[in-house]
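One file, model-v8.pdb, carrying PDB, C-alpha atoms and all ligand atoms:
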ATOM      1  CA  MET A  28      39.413  78.074  92.946
ATOM      2  CA  TYR A  29      42.941  79.295  93.709
ATOM      3  CA  ARG A  30      42.159  82.729  92.297
ATOM      4  CA  ILE A  31      44.694  85.436  93.087
ATOM      5  CA  LEU A  32      42.866  88.135  95.062
ATOM      6  CA  SER A  33      45.747  90.542  95.609
ATOM      7  CA  LYS A  34      49.405  90.911  94.750
ATOM      8  CA  ASP A  35      52.170  93.224  95.909
ATOM      9  CA  MET A  36      55.904  93.268  95.274
ATOM     10  CA  LEU A  37      57.820  93.319  98.590
ATOM     11  CA  THR A  38      61.098  93.875  96.721
ATOM     12  CA  PRO A  39      61.759  93.959  92.947
ATOM     13  CA  THR A  40      61.926  90.115  92.948
ATOM     14  CA  ILE A  41      59.849  89.018  95.955
ATOM     15  CA  CYS A  42      56.101  88.858  95.364
ATOM     16  CA  ARG A  43      53.287  88.368  97.895
ATOM     17  CA  MET A  44      49.921  86.985  96.775
ATOM     18  CA  LYS A  45      46.694  86.367  98.645
ATOM     19  CA  VAL A  46      44.969  83.335  97.109
ATOM     20  CA  GLU A  47      41.383  82.120  97.439
ATOM     21  CA  ALA A  48      41.646  78.626  98.978
ATOM     22  CA  PRO A  49      38.991  78.071 101.697
ATOM     23  CA  ARG A  50      39.762  74.391 102.330
ATOM     24  CA  LEU A  51      43.494  75.037 102.717
ATOM     25  CA  ALA A  52      42.918  78.116 104.881
ATOM     26  CA  ALA A  53      40.658  76.149 107.243
ATOM     27  CA  ALA A  54      43.246  73.389 107.705
ATOM     28  CA  ALA A  55      46.538  75.354 107.691
ATOM     29  CA  LYS A  56      48.799  75.596 110.727
ATOM     30  CA  PRO A  57      52.107  77.459 111.257
ATOM     31  CA  GLY A  58      55.118  75.715 109.722
ATOM     32  CA  GLN A  59      53.227  73.928 106.940
ATOM     33  CA  PHE A  60      53.710  74.443 103.228
ATOM     34  CA  LEU A  61      51.878  74.285  99.896
ATOM     35  CA  ILE A  62      52.860  73.041  96.450
ATOM     36  CA  VAL A  63      51.795  75.476  93.752
ATOM     37  CA  ARG A  64      51.552  75.071  89.971
ATOM     38  CA  ALA A  65      51.057  78.181  87.869
ATOM     39  CA  ASP A  66      49.505  76.283  84.936
ATOM     40  CA  GLU A  67      48.839  72.732  83.702
ATOM     41  CA  LYS A  68      52.426  72.280  82.495
ATOM     42  CA  GLY A  69      53.984  74.186  85.407
ATOM     43  CA  GLU A  70      56.653  72.810  87.748
ATOM     44  CA  ARG A  71      55.473  71.997  91.284
ATOM     45  CA  ILE A  72      56.896  74.704  93.544
ATOM     46  CA  PRO A  73      56.907  74.189  97.343
ATOM     47  CA  LEU A  74      56.154  77.410  99.236
ATOM     48  CA  THR A  75      55.876  77.803 102.999
ATOM     49  CA  ILE A  76      52.564  79.345 104.032
ATOM     50  CA  SER A  77      53.149  83.007 104.932
ATOM     51  CA  ASP A  78      49.671  83.637 106.335
ATOM     52  CA  TYR A  79      46.196  82.127 106.322
ATOM     53  CA  ASP A  80      42.751  83.355 107.240
ATOM     54  CA  ALA A  81      40.103  80.667 107.732
ATOM     55  CA  GLU A  82      37.219  83.185 107.922
ATOM     56  CA  GLU A  83      38.253  84.903 104.711
ATOM     57  CA  GLY A  84      39.131  81.558 103.065
ATOM     58  CA  THR A  85      42.565  82.768 101.913
ATOM     59  CA  VAL A  86      46.206  81.743 102.104
ATOM     60  CA  THR A  87      49.183  84.034 101.492
ATOM     61  CA  ILE A  88      52.272  82.935  99.595
ATOM     62  CA  VAL A  89      55.553  84.763  99.061
ATOM     63  CA  THR A  90      57.674  83.847  96.038
ATOM     64  CA  GLN A  91      61.148  84.955  95.073
ATOM     65  CA  GLY A  92      61.418  85.055  91.275
ATOM     66  CA  ILE A  93      64.722  83.262  90.714
ATOM     67  CA  GLY A  94      63.947  80.503  88.187
ATOM     68  CA  ALA A  95      61.569  80.026  85.244
ATOM     69  CA  SER A  96      58.734  78.622  87.413
ATOM     70  CA  THR A  97      58.930  81.198  90.204
ATOM     71  CA  LEU A  98      59.160  83.992  87.604
ATOM     72  CA  ALA A  99      56.003  82.572  85.961
ATOM     73  CA  ILE A 100      54.205  82.645  89.344
ATOM     74  CA  ASN A 101      55.301  86.221  90.011
ATOM     75  CA  GLU A 102      54.002  87.326  86.596
ATOM     76  CA  MET A 103      50.451  86.193  87.380
ATOM     77  CA  GLU A 104      47.978  88.926  88.212
ATOM     78  CA  PRO A 105      44.924  89.299  90.484
ATOM     79  CA  GLY A 106      41.909  87.633  88.848
ATOM     80  CA  GLU A 107      44.031  84.812  87.355
ATOM     81  CA  SER A 108      44.007  81.368  89.001
ATOM     82  CA  PHE A 109      46.677  78.781  89.760
ATOM     83  CA  ALA A 110      46.208  75.379  88.073
ATOM     84  CA  ASP A 111      46.462  73.851  91.527
ATOM     85  CA  VAL A 112      47.589  74.487  95.069
ATOM     86  CA  ALA A 113      48.135  71.308  97.107
ATOM     87  CA  GLY A 114      48.263  71.331 100.884
ATOM     88  CA  PRO A 115      48.581  72.037 103.643
ATOM     89  CA  LEU A 116      51.582  69.694 103.537
ATOM     90  CA  GLY A 117      54.162  68.712 106.128
ATOM     91  CA  ASN A 118      53.875  68.900 109.886
ATOM     92  CA  PRO A 119      52.891  71.987 111.850
ATOM     93  CA  SER A 120      55.569  73.601 114.039
ATOM     94  CA  ASP A 121      56.215  71.534 117.171
ATOM     95  CA  PHE A 122      54.852  74.223 119.518
ATOM     96  CA  CYS A 123      51.354  73.533 118.121
ATOM     97  CA  ASP A 124      51.477  70.175 119.944
ATOM     98  CA  MET A 125      53.108  71.320 123.203
ATOM     99  CA  ASP A 126      50.995  71.052 126.331
ATOM    100  CA  ALA A 127      50.116  74.317 128.071
ATOM    101  CA  GLN A 128      52.824  73.941 130.735
ATOM    102  CA  GLU A 129      55.636  73.238 128.276
ATOM    103  CA  LEU A 130      54.504  76.077 126.012
ATOM    104  CA  ALA A 131      54.296  78.557 128.892
ATOM    105  CA  SER A 132      57.923  77.824 129.854
ATOM    106  CA  GLN A 133      59.298  78.820 126.428
ATOM    107  CA  ARG A 134      61.132  82.006 125.438
ATOM    108  CA  TYR A 135      61.506  81.957 121.665
ATOM    109  CA  VAL A 136      63.944  83.712 119.396
ATOM    110  CA  PHE A 137      63.576  83.490 115.615
ATOM    111  CA  ILE A 138      66.357  84.127 113.119
ATOM    112  CA  ALA A 139      64.827  84.954 109.744
ATOM    113  CA  GLY A 140      66.960  85.424 106.636
ATOM    114  CA  GLY A 141      65.908  87.139 103.406
ATOM    115  CA  VAL A 142      62.833  85.661 101.768
ATOM    116  CA  GLY A 143      62.739  83.051 104.574
ATOM    117  CA  THR A 144      61.330  85.853 106.756
ATOM    118  CA  ALA A 145      57.813  85.437 105.322
ATOM    119  CA  PRO A 146      57.106  81.958 106.777
ATOM    120  CA  VAL A 147      58.287  83.177 110.201
ATOM    121  CA  TYR A 148      55.241  85.454 110.417
ATOM    122  CA  PRO A 149      52.474  82.825 111.027
ATOM    123  CA  GLN A 150      54.633  81.136 113.663
ATOM    124  CA  VAL A 151      55.294  84.345 115.593
ATOM    125  CA  LYS A 152      51.636  85.351 115.233
ATOM    126  CA  TRP A 153      50.512  81.993 116.699
ATOM    127  CA  LEU A 154      52.941  82.213 119.659
ATOM    128  CA  HIS A 155      51.944  85.834 120.330
ATOM    129  CA  ALA A 156      48.234  84.851 120.283
ATOM    130  CA  HIS A 157      49.069  82.184 122.917
ATOM    131  CA  GLY A 158      50.898  84.706 125.138
ATOM    132  CA  ILE A 159      54.422  83.281 124.595
ATOM    133  CA  PRO A 160      57.336  85.755 124.589
ATOM    134  CA  VAL A 161      59.003  85.958 121.168
ATOM    135  CA  ASP A 162      61.954  87.980 119.935
ATOM    136  CA  VAL A 163      62.656  88.075 116.203
ATOM    137  CA  ILE A 164      65.886  88.828 114.348
ATOM    138  CA  ILE A 165      65.451  89.583 110.633
ATOM    139  CA  GLY A 166      68.544  89.660 108.435
ATOM    140  CA  ALA A 167      68.884  90.797 104.827
ATOM    141  CA  ARG A 168      71.742  91.805 102.556
ATOM    142  CA  THR A 169      70.608  95.437 102.513
ATOM    143  CA  LYS A 170      67.729  97.519 103.917
ATOM    144  CA  ASP A 171      65.619  97.342 100.747
ATOM    145  CA  LEU A 172      65.539  93.538 101.042
ATOM    146  CA  LEU A 173      64.113  93.477 104.586
ATOM    147  CA  ILE A 174      60.546  92.136 104.343
ATOM    148  CA  TYR A 175      57.634  91.587 106.765
ATOM    149  CA  THR A 176      59.107  94.027 109.305
ATOM    150  CA  GLU A 177      55.760  95.719 110.104
ATOM    151  CA  GLU A 178      53.754  92.493 110.172
ATOM    152  CA  ILE A 179      56.238  90.674 112.428
ATOM    153  CA  GLY A 180      56.904  93.829 114.492
ATOM    154  CA  SER A 181      53.213  93.942 115.390
ATOM    155  CA  VAL A 182      53.183  90.409 116.872
ATOM    156  CA  CYS A 183      56.582  90.021 118.583
ATOM    157  CA  ASP A 184      58.033  91.380 121.823
ATOM    158  CA  ASN A 185      61.284  92.693 120.354
ATOM    159  CA  LEU A 186      62.261  93.006 116.701
ATOM    160  CA  TYR A 187      65.928  93.281 115.700
ATOM    161  CA  LEU A 188      66.772  94.222 112.124
ATOM    162  CA  CYS A 189      70.190  93.386 110.662
ATOM    163  CA  THR A 190      71.778  94.144 107.326
ATOM    164  CA  ASP A 191      74.946  92.619 105.928
ATOM    165  CA  ASP A 192      75.997  96.052 104.587
ATOM    166  CA  GLY A 193      74.983  98.027 107.694
ATOM    167  CA  SER A 194      72.412 100.124 105.771
ATOM    168  CA  LEU A 195      69.838  99.619 108.584
ATOM    169  CA  GLY A 196      69.921  98.231 112.118
ATOM    170  CA  PHE A 197      72.651  95.899 113.348
ATOM    171  CA  HIS A 198      75.619  95.746 110.951
ATOM    172  CA  GLY A 199      76.071  92.016 110.389
ATOM    173  CA  VAL A 200      74.210  88.726 110.075
ATOM    174  CA  GLY A 201      71.404  87.518 112.341
ATOM    175  CA  THR A 202      73.598  84.976 114.104
ATOM    176  CA  ALA A 203      75.970  87.763 115.216
ATOM    177  CA  GLN A 204      72.944  89.723 116.503
ATOM    178  CA  LEU A 205      71.846  86.661 118.518
ATOM    179  CA  GLU A 206      75.302  86.359 120.079
ATOM    180  CA  ALA A 207      75.202  90.060 121.000
ATOM    181  CA  LEU A 208      71.753  89.707 122.601
ATOM    182  CA  VAL A 209      72.812  86.697 124.678
ATOM    183  CA  ALA A 210      75.988  88.566 125.717
ATOM    184  CA  GLU A 211      73.696  91.387 126.934
ATOM    185  CA  GLY A 212      71.854  88.888 129.148
ATOM    186  CA  LYS A 213      68.916  87.755 126.985
ATOM    187  CA  GLN A 214      67.873  84.167 127.661
ATOM    188  CA  TYR A 215      66.071  81.893 125.225
ATOM    189  CA  THR A 216      64.840  78.307 125.515
ATOM    190  CA  ARG A 217      64.437  77.774 121.754
ATOM    191  CA  CYS A 218      65.654  79.256 118.487
ATOM    192  CA  VAL A 219      63.846  78.775 115.167
ATOM    193  CA  ALA A 220      65.950  79.608 112.091
ATOM    194  CA  ILE A 221      64.350  79.972 108.644
ATOM    195  CA  GLY A 222      66.256  81.236 105.625
ATOM    196  CA  PRO A 223      68.965  80.113 103.201
ATOM    197  CA  MET A 224      70.454  76.713 104.041
ATOM    198  CA  ILE A 225      73.860  78.297 104.776
ATOM    199  CA  MET A 226      72.228  80.682 107.268
ATOM    200  CA  MET A 227      70.466  77.805 109.004
ATOM    201  CA  LYS A 228      73.753  75.877 109.188
ATOM    202  CA  PHE A 229      75.464  78.817 110.908
ATOM    203  CA  ALA A 230      72.437  79.550 113.107
ATOM    204  CA  VAL A 231      72.692  75.996 114.430
ATOM    205  CA  LEU A 232      76.453  76.332 115.063
ATOM    206  CA  THR A 233      75.789  79.569 116.974
ATOM    207  CA  CYS A 234      72.969  77.980 118.984
ATOM    208  CA  LYS A 235      75.188  75.015 119.864
ATOM    209  CA  LYS A 236      77.806  77.446 121.156
ATOM    210  CA  LEU A 237      75.174  79.306 123.195
ATOM    211  CA  GLY A 238      73.425  76.135 124.398
ATOM    212  CA  ILE A 239      70.075  76.995 122.793
ATOM    213  CA  PRO A 240      68.034  74.202 121.130
ATOM    214  CA  ALA A 241      67.519  75.025 117.437
ATOM    215  CA  ILE A 242      64.744  74.174 115.000
ATOM    216  CA  VAL A 243      65.214  74.692 111.245
ATOM    217  CA  SER A 244      62.725  74.594 108.345
ATOM    218  CA  LEU A 245      64.303  72.752 105.405
ATOM    219  CA  ASN A 246      63.434  74.081 101.958
ATOM    220  CA  THR A 247      64.712  71.032 100.086
ATOM    221  CA  LEU A 248      63.896  70.153  96.487
ATOM    222  CA  MET A 249      60.408  68.657  96.355
ATOM    223  CA  VAL A 250      58.367  66.963  93.651
ATOM    224  CA  ASP A 251      55.285  65.103  94.901
ATOM    225  CA  GLY A 252      55.303  66.355  98.504
ATOM    226  CA  THR A 253      53.770  63.081  99.704
ATOM    227  CA  GLY A 254      56.799  60.932 100.581
ATOM    228  CA  MET A 255      56.799  58.949  97.308
ATOM    229  CA  CYS A 256      59.563  60.391  95.084
ATOM    230  CA  GLY A 257      62.491  60.860  97.490
ATOM    231  CA  ALA A 258      63.481  64.265  96.059
ATOM    232  CA  CYS A 259      63.362  65.916  99.478
ATOM    233  CA  ARG A 260      65.503  63.396 101.355
ATOM    234  CA  VAL A 261      67.858  64.731 104.005
ATOM    235  CA  THR A 262      70.024  63.104 106.624
ATOM    236  CA  VAL A 263      68.927  63.926 110.153
ATOM    237  CA  GLY A 264      70.555  62.196 113.107
ATOM    238  CA  GLY A 265      72.316  59.816 110.689
ATOM    239  CA  LYS A 266      69.015  58.629 109.204
ATOM    240  CA  THR A 267      67.367  59.418 105.864
ATOM    241  CA  ARG A 268      64.266  61.532 106.390
ATOM    242  CA  PHE A 269      61.789  62.984 103.898
ATOM    243  CA  ALA A 270      61.346  66.718 104.510
ATOM    244  CA  CYS A 271      57.891  66.776 102.901
ATOM    245  CA  VAL A 272      56.217  64.308 105.248
ATOM    246  CA  GLU A 273      58.580  64.152 108.243
ATOM    247  CA  GLY A 274      59.474  67.872 108.192
ATOM    248  CA  PRO A 275      59.835  70.525 106.997
ATOM    249  CA  GLU A 276      61.034  71.392 110.525
ATOM    250  CA  PHE A 277      63.771  69.354 112.157
ATOM    251  CA  ASP A 278      66.079  69.518 115.147
ATOM    252  CA  GLY A 279      68.863  71.651 113.644
ATOM    253  CA  TYR A 280      71.564  69.964 115.758
ATOM    254  CA  GLU A 281      70.907  66.698 113.871
ATOM    255  CA  VAL A 282      70.785  67.956 110.255
ATOM    256  CA  ASP A 283      73.582  67.200 107.769
ATOM    257  CA  PHE A 284      73.600  70.681 106.172
ATOM    258  CA  ASP A 285      76.567  70.051 103.873
ATOM    259  CA  GLU A 286      74.766  67.153 102.195
ATOM    260  CA  ALA A 287      71.494  69.162 102.073
ATOM    261  CA  MET A 288      73.292  72.052 100.337
ATOM    262  CA  ARG A 289      74.913  69.708  97.816
ATOM    263  CA  ARG A 290      71.527  68.161  96.975
ATOM    264  CA  GLN A 291      69.868  71.593  96.742
ATOM    265  CA  ALA A 292      72.459  72.698  94.155
ATOM    266  CA  GLN A 293      72.327  69.550  91.972
ATOM    267  CA  TYR A 294      69.880  70.909  89.353
ATOM    268  CA  LYS A 295      71.414  74.400  89.104
ATOM    269  CA  PRO A 296      72.560  73.950  85.434
ATOM    270  CA  GLU A 297      69.052  72.759  84.369
ATOM    271  CA  GLU A 298      67.444  75.632  86.331
ATOM    272  CA  ALA A 299      69.724  78.171  84.638
ATOM    273  CA  GLU A 300      68.864  76.721  81.217
ATOM    274  CA  ALA A 301      65.099  76.870  81.933
ATOM    275  CA  LYS A 302      65.437  80.483  83.120
ATOM    276  CA  GLU A 303      67.325  81.358  79.949
ATOM    277  CA  LYS A 304      64.414  79.979  77.852
ATOM    278  CA  HIS A 305      61.735  81.683  79.974
ATOM    279  CA  VAL A 306      59.806  84.317  78.041
ATOM    280  CA  CYS A 307      58.530  86.990  80.394
ATOM    281  CA  LYS A 308      54.827  87.868  79.941
ATOM    282  CA  ILE A 309      55.324  91.369  81.252
ATOM    283  CA  GLY A 310      58.615  92.241  79.612
ATOM    284  CA  ARG A 311      60.859  91.935  82.633
ATOM    285  CA  GLY A 312      62.998  88.962  82.007
TER     286      GLY A 312
HETATM  287  P1  LIG B 401      70.256  85.894 101.042
HETATM  288  O1  LIG B 401      71.354  85.147 100.400
HETATM  289  O2  LIG B 401      69.994  87.281 100.645
HETATM  290  O3  LIG B 401      70.520  85.833 102.619
HETATM  291  C1  LIG B 401      69.575  86.380 103.530
HETATM  292  C2  LIG B 401      70.218  86.607 104.848
HETATM  293  O4  LIG B 401      70.574  85.356 105.446
HETATM  294  C3  LIG B 401      71.517  87.400 104.837
HETATM  295  O5  LIG B 401      71.314  88.761 104.669
HETATM  296  C4  LIG B 401      72.053  87.063 106.205
HETATM  297  O6  LIG B 401      71.413  87.814 107.219
HETATM  298  C5  LIG B 401      71.644  85.606 106.355
HETATM  299  N1  LIG B 401      72.790  84.750 106.052
HETATM  300  C6  LIG B 401      73.245  84.371 104.821
HETATM  301  N2  LIG B 401      74.373  83.630 104.969
HETATM  302  C7  LIG B 401      74.618  83.565 106.303
HETATM  303  C8  LIG B 401      75.646  82.958 107.091
HETATM  304  N3  LIG B 401      76.648  82.258 106.533
HETATM  305  N4  LIG B 401      75.576  83.125 108.442
HETATM  306  C9  LIG B 401      74.573  83.812 109.016
HETATM  307  N5  LIG B 401      73.592  84.404 108.321
HETATM  308  C10 LIG B 401      73.621  84.298 106.988
HETATM  309  O7  LIG B 401      68.920  85.050 100.939
HETATM  310  P2  LIG B 401      67.657  85.300 100.002
HETATM  311  O8  LIG B 401      68.141  85.497  98.601
HETATM  312  O9  LIG B 401      66.694  86.264 100.548
HETATM  313  O10 LIG B 401      66.963  83.902 100.190
HETATM  314  C11 LIG B 401      67.083  82.913  99.264
HETATM  315  C12 LIG B 401      67.221  81.580  99.976
HETATM  316  O11 LIG B 401      66.268  81.409 101.036
HETATM  317  C13 LIG B 401      66.986  80.474  98.991
HETATM  318  O12 LIG B 401      68.035  79.538  99.151
HETATM  319  C14 LIG B 401      65.658  79.915  99.425
HETATM  320  O13 LIG B 401      65.556  78.579  99.070
HETATM  321  C15 LIG B 401      65.694  80.133 100.920
HETATM  322  N6  LIG B 401      64.371  80.072 101.561
HETATM  323  C16 LIG B 401      64.237  79.234 102.613
HETATM  324  C17 LIG B 401      63.000  79.071 103.198
HETATM  325  C18 LIG B 401      62.853  78.077 104.294
HETATM  326  O14 LIG B 401      61.754  77.689 104.592
HETATM  327  N7  LIG B 401      63.943  77.668 104.908
HETATM  328  C19 LIG B 401      61.896  79.791 102.768
HETATM  329  C20 LIG B 401      62.078  80.683 101.704
HETATM  330  C21 LIG B 401      63.330  80.802 101.105
HETATM  331 FE1  LIG B 402      58.821  63.550  97.076
HETATM  332 FE2  LIG B 402      59.238  64.400  99.551
HETATM  333  S1  LIG B 402      58.919  65.587  97.774
HETATM  334  S2  LIG B 402      59.282  62.373  98.835
END

Can you dump the structure from the file as structure tokens?
Amino acid sequence: MYRILSKDMLTPTICRMKVEAPRLAAAAKPGQFLIVRADEKGERIPLTISDYDAEEGTVTIVTQGIGASTLAINEMEPGESFADVAGPLGNPSDFCDMDAQELASQRYVFIAGGVGTAPVYPQVKWLHAHGIPVDVIIGARTKDLLIYTEEIGSVCDNLYLCTDDGSLGFHGVGTAQLEALVAEGKQYTRCVAIGPMIMMKFAVLTCKKLGIPAIVSLNTLMVDGTGMCGACRVTVGGKTRFACVEGPEFDGYEVDFDEAMRRQAQYKPEEAEAKEKHVCKIGRG
């Protein structure tokens, strides 16, 4: 169980793995996530599902190697197995529960940022399969960090690539690209933003300005993923909510991003120390 069937590096630090997990693949829906442990002593790492195939019995995960635990995941090879993969966790994207009439009236735009682009793919694929128009904006610091462009390009109506340094596509961030599209006359009923917390904060501010409802997927700290530990708590609409069981997607207009960013950064010193002690199995770090 949870055997790695294939692995490819999308960038020098972002790794994609297809994992044997028939029960998870049969139950997964867009927007949900998994909690992965590389080995018995491994930290529990929440990862949004980047693809699933019920017939094949596989789920796809994309991990950015930034700390000791994510580096350990990225060093695993096909044939090895994870100690456990729990899920699917969290709620599916809200469009999964829309009635046919409401769904048919939607014109979606996604803003994907960096490694947050991977979980956008199953959502766009689902909407495309249901005949709903979807435009996607993918932003990365530079062209070599753009990921999932072919996969998403094959299931969306229009794909807009942006780089902060102007090395490919629109020169600027995804929110600036959205403003330019709306200024050209594009109309959207809903924006879904997935990426770094700061990007989601600014995507929501842009959507407010443009009058577009905004959904965000919150990648908070998580421990148990079942609503028991409180690690993932966020303030939404003035109330404490648990991202693992009440999210991970929320109405972006209601999220207290400044508090969420403070909480996300609270274990940075411990993470840096653990990374320092990490001994790389394959001589990279
Ligand atoms: P990054 O810092 O390289 O940023 C990626 C892109 O986000 C930028 O190129 C830009 O287009 C956009 N962006 C950044 N700041 C912005 C701003 N102020 N306004 C508008 N756009 C902005 O990101 P990365 O290193 O690829 O990603 C790492 C982060 O993504 C981590 O914090 C990780 O936790 C998060 N992440 C989130 C999810 C999720 O579900 N929300 C999933 C995976 C990763
Ligand atoms: Fe523990 Fe959500 S991760 S309550």

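With distances taken from (60.3, 90.8, 112.0) and restricted to all atoms listed in the file, the residues inside 6 Å are Val163, Ile165, Tyr175, Thr176, Ile179, Gly180 and Leu186 of chain A.
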
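Put simply, CA of Cys123 in chain A is 11.3 Å away from CA of Gln59 in chain A.
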
Could I get the residue neighbourhood of ligand LIG 402 (chain B) at 6 Å, counting all atoms listed in the file, as a short mmCIF file (atom, residue, chain, number, x, y, z; two decimals) with C-alpha atoms, keeping the file's coordinate frame?
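The result, stored in out-v1.cif:
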data_model
loop_
_atom_site.label_atom_id
_atom_site.label_comp_id
_atom_site.auth_asym_id
_atom_site.auth_seq_id
_atom_site.Cartn_x
_atom_site.Cartn_y
_atom_site.Cartn_z
CA MET A 249 60.41 68.66 96.36
CA VAL A 250 58.37 66.96 93.65
CA ASP A 251 55.28 65.10 94.90
CA GLY A 252 55.30 66.36 98.50
CA THR A 253 53.77 63.08 99.70
CA GLY A 254 56.80 60.93 100.58
CA MET A 255 56.80 58.95 97.31
CA CYS A 256 59.56 60.39 95.08
CA GLY A 257 62.49 60.86 97.49
CA ALA A 258 63.48 64.26 96.06
CA CYS A 259 63.36 65.92 99.48
CA PHE A 269 61.79 62.98 103.90
CA ALA A 270 61.35 66.72 104.51
CA CYS A 271 57.89 66.78 102.90
#

Point to revise | Test item: residues lying within 9 Å of ligand LIG 401 (chain B) with all atoms listed in the file, as JSON, numbers by chain | key: {"A": [41, 58, 60, 74, 75, 89, 90, 91, 93, 138, 139, 140, 141, 142, 143, 144, 145, 146, 147, 165, 166, 167, 168, 169, 172, 173, 189, 190, 191, 192, 199, 200, 201, 202, 203, 220, 221, 222, 223, 224, 225, 226, 227, 228, 229, 230, 243, 244, 245, 246, 247, 248, 275, 276, 291]}

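Near Pro49 in chain A, within a cut-off of 7 Å and counting all atoms listed in the file, sit the residues Ala81, Gly84 and Thr85 of chain A, with same-chain residues fewer than 6 positions away left out.
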
Those selected residues, please, written with C-alpha atoms and delivered as a PDB file, in the frame of the given file.
ATOM      1  CA  ALA A  81      40.103  80.667 107.732  1.00  0.00           C
ATOM      2  CA  GLY A  84      39.131  81.558 103.065  1.00  0.00           C
ATOM      3  CA  THR A  85      42.565  82.768 101.913  1.00  0.00           C
TER       4      THR A  85
END

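As for CA of Thr40 in chain A and CA of Ala55 in chain A, they are spaced 25.9 Å apart.
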
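This file, queried with the PyMOL selection byres (((chain A and resi 32) around 9) and not hetatm), gives the residues Tyr29, Arg30, Ile31, Ser33, Lys34, Met44, Lys45, Val46, Glu47, Thr85, Glu104, Pro105, Gly106 and Glu107 of chain A.
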
Determine the axis-aligned bounding box of all atoms of range 247-254 of chain A present in the file, pad each side by 8 Å, and express its centre and edge lengths in Å to one decimal place as lines of an AutoDock Vina configuration file.
center_x = 59.2
center_y = 66.0
center_z = 97.1
size_x = 26.9
size_y = 26.1
size_z = 22.9

Exercise for review: Determine the residue set returned by the PyMOL selection byres (((chain A and resi 120) around 10) and not hetatm) for the present structure, and present it as a list in words.
Suggested key: Lys56, Pro57, Gly58, Gln59, Gly117, Asn118, Pro119, Asp121, Phe122, Cys123, Asp124, Met125, Gln150, Val219, Ile242, Ser244, Gly274, Pro275, Glu276 and Phe277 of chain A

Could those selected residues go to a file with C-alpha atoms, as a JSON list (two decimals), in the frame of the given file?
[["chain", "number", "residue", "atom", "x", "y", "z"],
["A", 56, "LYS", "CA", 48.80, 75.60, 110.73],
["A", 57, "PRO", "CA", 52.11, 77.46, 111.26],
["A", 58, "GLY", "CA", 55.12, 75.72, 109.72],
["A", 59, "GLN", "CA", 53.23, 73.93, 106.94],
["A", 117, "GLY", "CA", 54.16, 68.71, 106.13],
["A", 118, "ASN", "CA", 53.88, 68.90, 109.89],
["A", 119, "PRO", "CA", 52.89, 71.99, 111.85],
["A", 121, "ASP", "CA", 56.22, 71.53, 117.17],
["A", 122, "PHE", "CA", 54.85, 74.22, 119.52],
["A", 123, "CYS", "CA", 51.35, 73.53, 118.12],
["A", 124, "ASP", "CA", 51.48, 70.18, 119.94],
["A", 125, "MET", "CA", 53.11, 71.32, 123.20],
["A", 150, "GLN", "CA", 54.63, 81.14, 113.66],
["A", 219, "VAL", "CA", 63.85, 78.78, 115.17],
["A", 242, "ILE", "CA", 64.74, 74.17, 115.00],
["A", 244, "SER", "CA", 62.72, 74.59, 108.34],
["A", 274, "GLY", "CA", 59.47, 67.87, 108.19],
["A", 275, "PRO", "CA", 59.84, 70.53, 107.00],
["A", 276, "GLU", "CA", 61.03, 71.39, 110.52],
["A", 277, "PHE", "CA", 63.77, 69.35, 112.16]]

Review point. With only C-alpha atoms as the basis for distance, which of A:Gly69, A:Gly158, A:Gly238, A:Gly196 is at the shortest distance from Arg134 in chain A?
Key: A:Gly158

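We find CA of Ile72 in chain A and CA of Asp111 in chain A to be spaced 10.7 Å apart.
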
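What the PyMOL selection byres (((chain A and resi 133) around 9) and not hetatm) grabs from this file is Glu129, Leu130, Ala131, Ser132, Arg134, Tyr135, Ile159, Pro160, Val161, Tyr215, Thr216 and Arg217 of chain A.
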
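With all atoms listed in the file as the atoms that count, the minimum distance from Gly92 in chain A to the choices A:Arg43, A:His198, A:Lys68, A:Lys213 is reached by A:Arg43.
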
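Closest to Met103 in chain A among A:Glu177, A:Asp162, A:Glu281, A:Asp66 is A:Asp66, based on all atoms listed in the file.
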
**Study point:** Nearest to Ala241 in chain A by atom-to-atom distance, counting only C-alpha atoms, from A:Asp285, A:Glu211, A:Phe137, A:Lys170
**Key:** A:Phe137

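Each of A:Leu208, A:Ala292, A:Ala65, A:Thr267 was compared to Leu98 in chain A using all atoms listed in the file, and A:Ala65 turns out to be the nearest.
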
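In terms of minimum interatomic distance to Glu83 in chain A, A:Leu51 ranks closest within A:Leu195, A:Val182, A:Leu61, A:Leu51, counting only C-alpha atoms.
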